[in-house]
Amino acid sequence: MEDLDDLTSMLDNLGGGLPPLGGSSGGSGALPPLGGGFGDLPPMGGGPADLPPLGGMSGGLPPLGDSSLPPLGGGGMSSLPPLDGGSLPPLGGSGAGMSGGLPPLGGGMSGGLPPLGSGGDLPPLGSGGDLPPLGGDLSGGLPPLSGGPRAASPAQPAASLPDLPAMGAPAPLPGLPGLAAPAPLPGLDAPSGLPPLGGSSPVATAKPVARSKPMVARAKPAIVASNNTASVPAAASTTSPAALPGLPAPGGLPGLPDLGMSAPVSGVGLPTLPGLPTPGGLPSLDMGIGALDLNLGAPPPMGALPTLEVINPVRPATSFTSSTAARTAEDDFEAELPEPVRPYIKHRPLNPAEPKITITVSSPDGQQKVAVDCTSDWTVKELKDFVCDEKLDLWQSEFVELSAQAAEGLDHWLDLEKTLAQEGIQKTGHVLTLKVKWMKTPRKLVDDKVIHLYYLYAQQRVINGDWPCTRRLSLQLAALQAQITLGDYSPVKHPVGCLNDKIDLYFPAAIHSKEESSNLQRLLFVRHKNHGGMSGALAEREYLTLCRNLPAFGSEIFDVKTEDGQPSKLAVAEDGFGVLEGTKYRFVTFDSLRQWGPMEGGLTFTSMSRAGKKEVFKFLLGKYQVFAVLDLISGYYLFEKARHRDNIPDVQLPIQPKIPDPRLFEPAAKDVMRSGITREWSRLDAFKNAYLSACKDNDLKPAARVLRNVNRAIDDEVVLKKIDAHECELDATGLKALVHAMIESHSYKSTADESFDENLHFDTLDISNNLIALEGIPSLKELVHSDVPVKHLIMRRVGLGLKGAKELAPVLETNKCLVTIDMTGNGLKDAGLSVILKALKTNPNTHRYVMADNDLSDRSCLILGVMVQKNPVVTDLCIGQNSFRDSGMTQLLNGMKMTKRLRSLEVNDVGMGSSLSKALLTWLLAQTQLRILKIGSNSLGSPGSSALAKLLSSPNGLVVLDVESADVNAKALKAVFESLTSNKTMRELRIGGNKLDSKALPAFLNYLKTNQAVRKLAIGGMGLAKDTLSQTLEILANKSNLLSVDLSDTDMKTSARGLQNLIEKNSGMLELQLSKCNLTSAICTAICNGMEKNTTLRRLELDSNPMKTSLGTLSSLSKHRRLESLSLRATKIGCKELLPLCEALNSSRSLLVLDASDNKCEKELRKFQTEFSNLNFHVRFVSLDGAKKKK
């Protein structure tokens, strides 16, 4: 760090004191003394009785254009060169004037002040390297800075003292700030645009300057201080580019320190004494660098020297009148920041007079490195612009900075205004890092490459444990990181175990050291699936947003020790600092901070609560850490002070960091949970608690399926989007409890101390197959009227009827968020359908109508045809299992021909003949937007079969096709399977019930072997011979892409081994249907043996098989971990045979429903009511299915 090296070299010459601020009074190049006596200000250029103008110029200041400055001690004009070797002219003079006057600031004097400037050098003002001359005629006012006409100003008395220019950060105002005079000297009227010299405040002050006209250009905000001595304010300034011609460029003359206190070292950036003044002066401080230990003596008495007034050029004072209110500074910030536009940068060529060097610039994670050829006379800014623009295609470079590795593993941030040589970079081999220094929220950041650097800043601190997070939050962050680094989830590319040797790159040690890697990976990939399709840039933004829930978000963490030597951590953030207390950080924000700075061997902070309680924090840490902490916290203070001038106390800064334009960033975030997390909570937890409480209040048994799904989602830490309460024996009271829980949990507002997870979306409510009837209508009304955003309402076979439809219709008229309405099997008939359609007529979102199995007639076909034709939002029409004649279907088809929006058409089992089937399928040839087609259980015949084959051989986007038991001939079946072999879009195919012949069989088997896209397959009832069935079962056993397999109506008497193999080996199958398969005891045993090794199957259907003698073999299903539903409908069993099986299955932890309907159990139920009511799962004895039973 050259700053520290320069300071070390400079301090070697101090000898315990400070170099003088000047030489003899009349020497060229030295600043002459400001006066003699202590009580009054001596003349500055003439005799003691009067004060002639500076430099011998009559009546005013010289124009700011050439490179000379008149001596303040008399004589003619003389040039003021940069001060070398730490030598500055004394403020007290060197002759008799010293008697009783001000002590010189140098000359080995004990208690002197630190030198101004880096390495003792005072940077020159202006382009010529010299201070601009102060001269000209003051009677006409201060001449314009650009050399133009002077502004009019009252004439000044000849004996009055002209104002001196402020030596701090240049302020682009129509005038220069003046120096405050000692107390005995009365205030003097300054020329127009200059504030008058005031009293003798011992502290630097900053005041907003009012202006009536807009400035020519606006600079970055300077930092203000106050004359409130109780809070120890100090002058502070940011480095700003000159806004007007003639003012010094960035890196020009640094601000003069408060000469009555410990002053900041300008340019070097090394902390000085921050302590409050005491009667004995400021405490001494060991400021040794390396082996050098120096002691800075006490400063002169407070109030002995004039102070500097610093002006804030960005936040002018606002004048209020009775009729007009001025803009606030926040509005000013918003209005003056332009939209980001990629700049054109002309890069500096290599200097042939300098040796070429090669520098490597790396990203923070080391994944990207670029080599840059340059010369050591390049500035750091020129290097950064070249790297960002030419090498990285990163154009919003104002948000990032270059750093080099410094002592104690810290960053040395390079000064943009210095050359590489000045930063010690003169040879090939240096490695720099381009990264974020100020972790603040950018206001107008659109460059994805910069966002990536912000993401790396956060991700590295999460993984290394600097920002502690909970297990739940770490999983969410790890899933986003996986999306960024791995892309979309793929079960093939991302199996559990693929991150075994990289788990520490996704989780902090506090998480992965306490849990099995396989379990963490499983939970990670469950969440990773939810981010499919999310771009890397969007995932990085989501990652940063989620990090705001971390108490230490945005903090740079330093390992420190407390005053008693105990290890601790210090966090420095945009809103203040935090100290680790136990497992949480306690943050102290800038609105209560009063002071910070170095002490012997460390740092000290002083805060003041609103109640007036003072608190002092002391930390022990290394010298370079002290510098790094002071640099960061002082910079963050400057950002906040620039934005919230009145709310942030004025503080004497021990260091003057250089910061970007504060307008580039938002104010310090208020939504970061600095207080930490007291509990992990979620929307699912809120719903579960509300539901259990409602059930308890109404003396109800909670629905097992609902609780099972909720608990599973909580355990797997996934988002639940569906409240599935179908087949849960809900009555009107049970539905009321469920609806109450949904409304209450949806309205729950998380508190600031909760890590709240939005893991429940009320997209879908399924209450199908529950006898709710009319008594449940009030609860549905309450739900639809509430603000719970249910988009898909599924209420199949709940017993509504016409009366229920009329009760529900008024509520549906006012609901505007419903997308799907499914009323299958409610006996609506034509009148009920008409009522529902009329209620939803003006709904702008409802586009899926499911009205199957409602005893509809041809009259409904006419109504539906008109609706599809005139309603612009209808895309899905499901009206299967209704009895229509050809005339009615013709009317419906005529209506559908007028639309191009249909994506789903379900007209299965509606009595459609071959000619109408052909007409429908021929029309569908042009409907390439269609995704779901169900025309099963109709008679396609030869015309319809040919049209079906033609449809599938043409380009289409079908995802679901149901032609089950549709009388498709063998020739068409062959064409269908040949067309589907290479199909990559079909996910569900139901083609069973159509007989295969020897010509179609090879195409069928080839389809099974080749196609990997299908997920649900129904191929029962196709007349498969024994050998063909064995081949089929073997193929299906190895197709893990299948989720559902329907082999119903297939004789399995001789296929026990093949069936067991299918259940054992298929690791993806969730549902298996074996209805009407002539199952024997041996087959049932094979099924149970296969289930012992199966870990995925959730639904097993064994309907319409003679099971009376085989029920005992099914008892072993109680050991299966996943089975939720077992169907034994129409299996000729009674309660006496069923009860032992139920008692055995009662130990199952997964079983939810056993369907024993369509048996003789219903007649015997009264005798066994008590036994069945004590089971852990639901046994259905009465069928709620209005569909036709399979024969």
# chains A, B, ... in the order shown; residues from 1 in each chain; ligands from 1
call {"tool": "select_by_dssp", "arguments": {"residues": "range 965-1156 of chain A", "states": "helix (DSSP H, G or I)", "output": "PyMOL selection string"}}
result
chain A and resi 970-980+1001-1010+1026-1037+1056-1065+1081-1093+1111-1119+1135-1145
call {"tool": "select_by_dssp", "arguments": {"residues": "range 752-832 of chain A", "states": "strand (DSSP E or B)", "output": "VMD selection string"}}
result
chain A and resid 754 to 757 760 to 766 792 to 794 820 to 822
call {"tool": "residues_around", "arguments": {"residues": "range 505-514 of chain A", "least_positions_apart": "5", "cutoff": "12 Å", "atoms": "only C-alpha atoms", "output": "JSON, numbers by chain"}}
result
{"A": [365, 459, 460, 461, 462, 463, 464, 465, 466, 467, 468, 469, 470, 471, 472, 473, 474, 475, 476, 477, 478, 479, 480, 481, 482, 483, 484, 485, 486, 499, 500, 519, 520, 521, 524, 525, 583]}
call {"tool": "write_last_selection", "arguments": {"atoms": "C-alpha atoms", "output": "PDB file, in the first residue's frame"}}
result
ATOM      1  CA  ASP A 365     -14.003 -16.337  -7.543  1.00  0.00           C
ATOM      2  CA  GLN A 459     -22.418 -15.905  -2.365  1.00  0.00           C
ATOM      3  CA  GLN A 460     -18.859 -16.011  -1.068  1.00  0.00           C
ATOM      4  CA  ARG A 461     -19.885 -14.537   2.275  1.00  0.00           C
ATOM      5  CA  VAL A 462     -22.790 -16.948   2.639  1.00  0.00           C
ATOM      6  CA  ILE A 463     -20.627 -19.979   1.921  1.00  0.00           C
ATOM      7  CA  ASN A 464     -17.715 -18.962   4.155  1.00  0.00           C
ATOM      8  CA  GLY A 465     -20.125 -18.326   7.016  1.00  0.00           C
ATOM      9  CA  ASP A 466     -19.671 -14.559   7.280  1.00  0.00           C
ATOM     10  CA  TRP A 467     -23.412 -14.101   6.812  1.00  0.00           C
ATOM     11  CA  PRO A 468     -24.955 -16.788   9.063  1.00  0.00           C
ATOM     12  CA  CYS A 469     -28.203 -18.223   7.732  1.00  0.00           C
ATOM     13  CA  THR A 470     -30.765 -20.790   8.794  1.00  0.00           C
ATOM     14  CA  ARG A 471     -31.003 -24.246   7.281  1.00  0.00           C
ATOM     15  CA  ARG A 472     -34.174 -23.396   5.377  1.00  0.00           C
ATOM     16  CA  LEU A 473     -32.704 -20.227   3.929  1.00  0.00           C
ATOM     17  CA  SER A 474     -29.452 -21.962   3.026  1.00  0.00           C
ATOM     18  CA  LEU A 475     -31.421 -24.543   1.016  1.00  0.00           C
ATOM     19  CA  GLN A 476     -33.238 -21.793  -0.857  1.00  0.00           C
ATOM     20  CA  LEU A 477     -29.962 -20.042  -1.641  1.00  0.00           C
ATOM     21  CA  ALA A 478     -28.265 -23.300  -2.645  1.00  0.00           C
ATOM     22  CA  ALA A 479     -31.112 -24.091  -5.063  1.00  0.00           C
ATOM     23  CA  LEU A 480     -30.702 -20.698  -6.755  1.00  0.00           C
ATOM     24  CA  GLN A 481     -26.956 -21.221  -6.894  1.00  0.00           C
ATOM     25  CA  ALA A 482     -27.542 -24.604  -8.550  1.00  0.00           C
ATOM     26  CA  GLN A 483     -29.753 -22.933 -11.146  1.00  0.00           C
ATOM     27  CA  ILE A 484     -26.972 -20.422 -11.821  1.00  0.00           C
ATOM     28  CA  THR A 485     -24.136 -22.936 -12.048  1.00  0.00           C
ATOM     29  CA  LEU A 486     -25.890 -26.103 -13.307  1.00  0.00           C
ATOM     30  CA  LEU A 499     -22.421 -32.968  -5.505  1.00  0.00           C
ATOM     31  CA  ASN A 500     -20.756 -35.221  -2.939  1.00  0.00           C
ATOM     32  CA  ASN A 519     -30.229 -35.564   2.285  1.00  0.00           C
ATOM     33  CA  LEU A 520     -29.074 -32.012   1.636  1.00  0.00           C
ATOM     34  CA  GLN A 521     -28.690 -32.790  -2.055  1.00  0.00           C
ATOM     35  CA  LEU A 524     -31.595 -28.970  -2.831  1.00  0.00           C
ATOM     36  CA  PHE A 525     -32.717 -30.634  -6.074  1.00  0.00           C
ATOM     37  CA  THR A 583     -24.952 -16.262  17.673  1.00  0.00           C
TER      38      THR A 583
END
call {"tool": "closest_residue", "arguments": {"among": "A:Cys1077, A:Ala371, A:Ala773, A:Ile935", "to": "Ser917 in chain A", "atoms": "only C-alpha atoms"}}
result
A:Ile935
call {"tool": "residues_around", "arguments": {"residues": "Asn1174 in chain A", "least_positions_apart": "2", "cutoff": "12 Å", "atoms": "only C-alpha atoms", "output": "list in words"}}
result
Lys701, Leu1139, Cys1142, Glu1143, Asn1146, Phe1168, Gln1169, Thr1170, Glu1171, Phe1172, Asn1176, Phe1177, His1178 and Val1179 of chain A
call {"tool": "residues_around", "arguments": {"residues": "Leu620 in chain A", "least_positions_apart": "3", "cutoff": "12 Å", "atoms": "only C-alpha atoms", "output": "list in words"}}
result
Phe558, Asp559, Val560, Lys561, Thr562, Glu563, Asp564, Gly565, Gln566, Pro567, Ser568, Lys569, Leu570, Pro598, Met599, Glu600, Gly601, Gly602, Leu603, Thr604, Phe605, Phe617, Lys623, Tyr624, Gln625, Val626 and Val629 of chain A
call {"tool": "residues_around", "arguments": {"residues": "Ser1055 in chain A", "least_positions_apart": "2", "cutoff": "8 Å", "atoms": "only C-alpha atoms", "output": "PyMOL selection string"}}
result
chain A and resi 1026+1029-1030+1052-1053+1057-1059+1083
call {"tool": "write_last_selection", "arguments": {"atoms": "all heavy atoms", "output": "PDB file, in the first residue's frame"}}
result
ATOM      1  N   LYS A1026     -49.942 -64.597 -24.732  1.00  0.00           N
ATOM      2  CA  LYS A1026     -49.051 -64.862 -23.598  1.00  0.00           C
ATOM      3  C   LYS A1026     -47.631 -64.376 -23.872  1.00  0.00           C
ATOM      4  O   LYS A1026     -47.036 -63.686 -23.043  1.00  0.00           O
ATOM      5  CB  LYS A1026     -49.062 -66.359 -23.300  1.00  0.00           C
ATOM      6  CG  LYS A1026     -48.148 -66.758 -22.162  1.00  0.00           C
ATOM      7  CD  LYS A1026     -48.219 -68.263 -21.913  1.00  0.00           C
ATOM      8  CE  LYS A1026     -47.260 -68.681 -20.811  1.00  0.00           C
ATOM      9  NZ  LYS A1026     -47.311 -70.158 -20.560  1.00  0.00           N
ATOM     10  N   LEU A1029     -47.508 -60.620 -24.121  1.00  0.00           N
ATOM     11  CA  LEU A1029     -47.661 -60.012 -22.794  1.00  0.00           C
ATOM     12  C   LEU A1029     -46.356 -60.077 -22.014  1.00  0.00           C
ATOM     13  O   LEU A1029     -45.975 -59.110 -21.339  1.00  0.00           O
ATOM     14  CB  LEU A1029     -48.783 -60.727 -22.033  1.00  0.00           C
ATOM     15  CG  LEU A1029     -49.054 -60.205 -20.620  1.00  0.00           C
ATOM     16  CD1 LEU A1029     -49.410 -58.727 -20.628  1.00  0.00           C
ATOM     17  CD2 LEU A1029     -50.185 -61.016 -19.963  1.00  0.00           C
ATOM     18  N   SER A1030     -45.639 -61.204 -22.105  1.00  0.00           N
ATOM     19  CA  SER A1030     -44.350 -61.324 -21.411  1.00  0.00           C
ATOM     20  C   SER A1030     -43.354 -60.288 -21.931  1.00  0.00           C
ATOM     21  O   SER A1030     -42.639 -59.650 -21.151  1.00  0.00           O
ATOM     22  CB  SER A1030     -43.785 -62.729 -21.592  1.00  0.00           C
ATOM     23  OG  SER A1030     -44.644 -63.703 -21.017  1.00  0.00           O
ATOM     24  N   MET A1052     -53.928 -62.094 -16.564  1.00  0.00           N
ATOM     25  CA  MET A1052     -52.606 -62.195 -15.946  1.00  0.00           C
ATOM     26  C   MET A1052     -52.364 -63.556 -15.286  1.00  0.00           C
ATOM     27  O   MET A1052     -51.390 -63.713 -14.536  1.00  0.00           O
ATOM     28  CB  MET A1052     -52.463 -61.098 -14.880  1.00  0.00           C
ATOM     29  CG  MET A1052     -52.424 -59.695 -15.443  1.00  0.00           C
ATOM     30  SD  MET A1052     -50.842 -59.333 -16.220  1.00  0.00           S
ATOM     31  CE  MET A1052     -51.093 -57.646 -16.753  1.00  0.00           C
ATOM     32  N   LYS A1053     -53.200 -64.528 -15.560  1.00  0.00           N
ATOM     33  CA  LYS A1053     -53.078 -65.802 -14.847  1.00  0.00           C
ATOM     34  C   LYS A1053     -51.699 -66.424 -14.967  1.00  0.00           C
ATOM     35  O   LYS A1053     -51.187 -67.014 -14.012  1.00  0.00           O
ATOM     36  CB  LYS A1053     -54.135 -66.792 -15.372  1.00  0.00           C
ATOM     37  CG  LYS A1053     -55.496 -66.586 -14.807  1.00  0.00           C
ATOM     38  CD  LYS A1053     -56.432 -67.741 -15.144  1.00  0.00           C
ATOM     39  CE  LYS A1053     -56.580 -67.936 -16.634  1.00  0.00           C
ATOM     40  NZ  LYS A1053     -57.581 -68.987 -16.960  1.00  0.00           N
ATOM     41  N   ARG A1057     -44.636 -63.916 -12.734  1.00  0.00           N
ATOM     42  CA  ARG A1057     -43.234 -63.508 -12.680  1.00  0.00           C
ATOM     43  C   ARG A1057     -43.012 -62.180 -13.389  1.00  0.00           C
ATOM     44  O   ARG A1057     -42.299 -61.296 -12.884  1.00  0.00           O
ATOM     45  CB  ARG A1057     -42.352 -64.587 -13.322  1.00  0.00           C
ATOM     46  CG  ARG A1057     -40.871 -64.277 -13.291  1.00  0.00           C
ATOM     47  CD  ARG A1057     -40.387 -64.034 -11.880  1.00  0.00           C
ATOM     48  NE  ARG A1057     -39.058 -63.439 -11.833  1.00  0.00           N
ATOM     49  CZ  ARG A1057     -38.544 -62.839 -10.776  1.00  0.00           C
ATOM     50  NH1 ARG A1057     -39.264 -62.745  -9.671  1.00  0.00           N
ATOM     51  NH2 ARG A1057     -37.336 -62.332 -10.811  1.00  0.00           N
ATOM     52  N   GLY A1058     -43.638 -62.001 -14.554  1.00  0.00           N
ATOM     53  CA  GLY A1058     -43.466 -60.753 -15.295  1.00  0.00           C
ATOM     54  C   GLY A1058     -44.056 -59.565 -14.542  1.00  0.00           C
ATOM     55  O   GLY A1058     -43.477 -58.470 -14.538  1.00  0.00           O
ATOM     56  N   LEU A1059     -45.203 -59.769 -13.873  1.00  0.00           N
ATOM     57  CA  LEU A1059     -45.834 -58.698 -13.116  1.00  0.00           C
ATOM     58  C   LEU A1059     -44.992 -58.305 -11.901  1.00  0.00           C
ATOM     59  O   LEU A1059     -44.817 -57.124 -11.597  1.00  0.00           O
ATOM     60  CB  LEU A1059     -47.239 -59.138 -12.694  1.00  0.00           C
ATOM     61  CG  LEU A1059     -48.146 -58.062 -12.109  1.00  0.00           C
ATOM     62  CD1 LEU A1059     -48.308 -56.906 -13.082  1.00  0.00           C
ATOM     63  CD2 LEU A1059     -49.506 -58.659 -11.751  1.00  0.00           C
ATOM     64  N   ILE A1083     -51.008 -64.608  -8.144  1.00  0.00           N
ATOM     65  CA  ILE A1083     -50.732 -63.288  -8.724  1.00  0.00           C
ATOM     66  C   ILE A1083     -50.664 -62.236  -7.616  1.00  0.00           C
ATOM     67  O   ILE A1083     -49.788 -61.362  -7.620  1.00  0.00           O
ATOM     68  CB  ILE A1083     -51.809 -62.912  -9.755  1.00  0.00           C
ATOM     69  CG1 ILE A1083     -51.817 -63.925 -10.916  1.00  0.00           C
ATOM     70  CG2 ILE A1083     -51.560 -61.504 -10.270  1.00  0.00           C
ATOM     71  CD1 ILE A1083     -50.566 -63.919 -11.744  1.00  0.00           C
TER      72      ILE A1083
END
call {"tool": "atom_distance", "arguments": {"atom1": "CA of Asn843 in chain A", "atom2": "CA of Leu735 in chain A"}}
result
25.2 Å
call {"tool": "atom_distance", "arguments": {"atom1": "CA of Leu1117 in chain A", "atom2": "CA of Ala1086 in chain A"}}
result
11.9 Å
call {"tool": "residues_around", "arguments": {"residues": "Ala970 in chain A", "least_positions_apart": "6", "cutoff": "10 Å", "atoms": "only C-alpha atoms", "output": "ChimeraX atom specification"}}
result
/A:942,945,976,994-1001
call {"tool": "write_last_selection", "arguments": {"atoms": "N, CA and C atoms", "output": "tab-separated table (two decimals), in the first residue's frame"}}
result
chain	number	residue	atom	x	y	z
A	942	SER	N	-64.26	-47.44	-39.34
A	942	SER	CA	-63.22	-47.30	-40.35
A	942	SER	C	-63.01	-45.85	-40.79
A	945	SER	N	-61.25	-44.05	-37.90
A	945	SER	CA	-59.90	-44.58	-37.71
A	945	SER	C	-58.94	-44.02	-38.74
A	976	VAL	N	-50.96	-45.49	-36.25
A	976	VAL	CA	-50.84	-44.66	-35.04
A	976	VAL	C	-49.51	-44.94	-34.34
A	994	ASN	N	-58.68	-51.61	-27.86
A	994	ASN	CA	-58.68	-51.74	-29.32
A	994	ASN	C	-57.78	-52.93	-29.67
A	995	LYS	N	-58.30	-53.87	-30.41
A	995	LYS	CA	-57.62	-55.13	-30.63
A	995	LYS	C	-56.48	-55.00	-31.65
A	996	LEU	N	-55.34	-55.60	-31.26
A	996	LEU	CA	-54.18	-55.65	-32.15
A	996	LEU	C	-54.23	-56.91	-33.01
A	997	ASP	N	-53.68	-56.84	-34.19
A	997	ASP	CA	-53.49	-58.05	-34.98
A	997	ASP	C	-51.99	-58.24	-35.23
A	998	SER	N	-51.63	-59.29	-35.94
A	998	SER	CA	-50.22	-59.62	-36.13
A	998	SER	C	-49.48	-58.55	-36.93
A	999	LYS	N	-50.21	-57.80	-37.79
A	999	LYS	CA	-49.55	-56.76	-38.57
A	999	LYS	C	-49.23	-55.52	-37.73
A	1000	ALA	N	-50.11	-55.24	-36.76
A	1000	ALA	CA	-49.89	-54.05	-35.93
A	1000	ALA	C	-48.98	-54.32	-34.75
A	1001	LEU	N	-48.79	-55.62	-34.41
A	1001	LEU	CA	-48.02	-55.97	-33.21
A	1001	LEU	C	-46.58	-55.49	-33.25
call {"tool": "closest_residue", "arguments": {"among": "A:Lys1136, A:Arg527, A:His746, A:Lys1009", "to": "Asp716 in chain A", "atoms": "only C-alpha atoms"}}
result
A:Arg527
call {"tool": "closest_residue", "arguments": {"among": "A:Ser555, A:Thr375, A:Ser592, A:Ser693", "to": "Lys440 in chain A", "atoms": "only C-alpha atoms"}}
result
A:Ser555
call {"tool": "decode", "arguments": {"residues": "range 505-524 of chain A", "atoms": "N, CA and C atoms", "output": "CSV table (one decimal), in the first residue's frame"}}
result
chain,number,residue,atom,x,y,z
A,505,LEU,N,-19.4,-26.2,-1.5
A,505,LEU,CA,-19.5,-25.0,-2.4
A,505,LEU,C,-20.9,-24.5,-2.5
A,506,TYR,N,-21.8,-25.2,-1.9
A,506,TYR,CA,-23.2,-24.8,-1.9
A,506,TYR,C,-23.8,-24.5,-0.5
A,507,PHE,N,-23.2,-25.1,0.5
A,507,PHE,CA,-23.7,-24.8,1.9
A,507,PHE,C,-22.5,-24.4,2.8
A,508,PRO,N,-22.8,-23.5,3.7
A,508,PRO,CA,-21.8,-23.1,4.7
A,508,PRO,C,-21.5,-24.3,5.6
A,509,ALA,N,-20.3,-24.3,6.2
A,509,ALA,CA,-19.9,-25.5,7.1
A,509,ALA,C,-20.9,-25.7,8.2
A,510,ALA,N,-21.5,-24.6,8.7
A,510,ALA,CA,-22.4,-24.8,9.8
A,510,ALA,C,-23.6,-25.6,9.4
A,511,ILE,N,-23.9,-25.8,8.1
A,511,ILE,CA,-25.0,-26.5,7.7
A,511,ILE,C,-24.6,-27.9,7.2
A,512,HIS,N,-23.6,-28.0,6.3
A,512,HIS,CA,-23.3,-29.3,5.7
A,512,HIS,C,-22.5,-30.2,6.7
A,513,SER,N,-22.0,-29.7,7.8
A,513,SER,CA,-21.2,-30.5,8.7
A,513,SER,C,-22.2,-31.2,9.7
A,514,LYS,N,-23.4,-30.8,9.7
A,514,LYS,CA,-24.4,-31.4,10.7
A,514,LYS,C,-25.4,-32.3,10.0
A,515,GLU,N,-25.3,-32.5,8.7
A,515,GLU,CA,-26.4,-33.3,8.1
A,515,GLU,C,-25.8,-34.1,6.9
A,516,GLU,N,-26.4,-35.2,6.7
A,516,GLU,CA,-25.9,-36.1,5.6
A,516,GLU,C,-25.9,-35.4,4.2
A,517,SER,N,-24.9,-35.5,3.5
A,517,SER,CA,-24.8,-34.8,2.2
A,517,SER,C,-25.9,-35.3,1.3
A,518,SER,N,-26.3,-36.6,1.3
A,518,SER,CA,-27.3,-37.1,0.4
A,518,SER,C,-28.6,-36.4,0.7
A,519,ASN,N,-28.9,-36.2,2.0
A,519,ASN,CA,-30.2,-35.6,2.3
A,519,ASN,C,-30.3,-34.1,1.9
A,520,LEU,N,-29.1,-33.4,2.1
A,520,LEU,CA,-29.1,-32.0,1.6
A,520,LEU,C,-29.2,-31.9,0.1
A,521,GLN,N,-28.6,-32.8,-0.6
A,521,GLN,CA,-28.7,-32.8,-2.1
A,521,GLN,C,-30.1,-33.1,-2.5
A,522,ARG,N,-30.8,-34.0,-1.9
A,522,ARG,CA,-32.1,-34.3,-2.2
A,522,ARG,C,-33.0,-33.1,-2.1
A,523,LEU,N,-32.9,-32.4,-0.9
A,523,LEU,CA,-33.7,-31.3,-0.7
A,523,LEU,C,-33.3,-30.1,-1.6
A,524,LEU,N,-32.1,-30.0,-1.9
A,524,LEU,CA,-31.6,-29.0,-2.8
A,524,LEU,C,-32.2,-29.2,-4.2
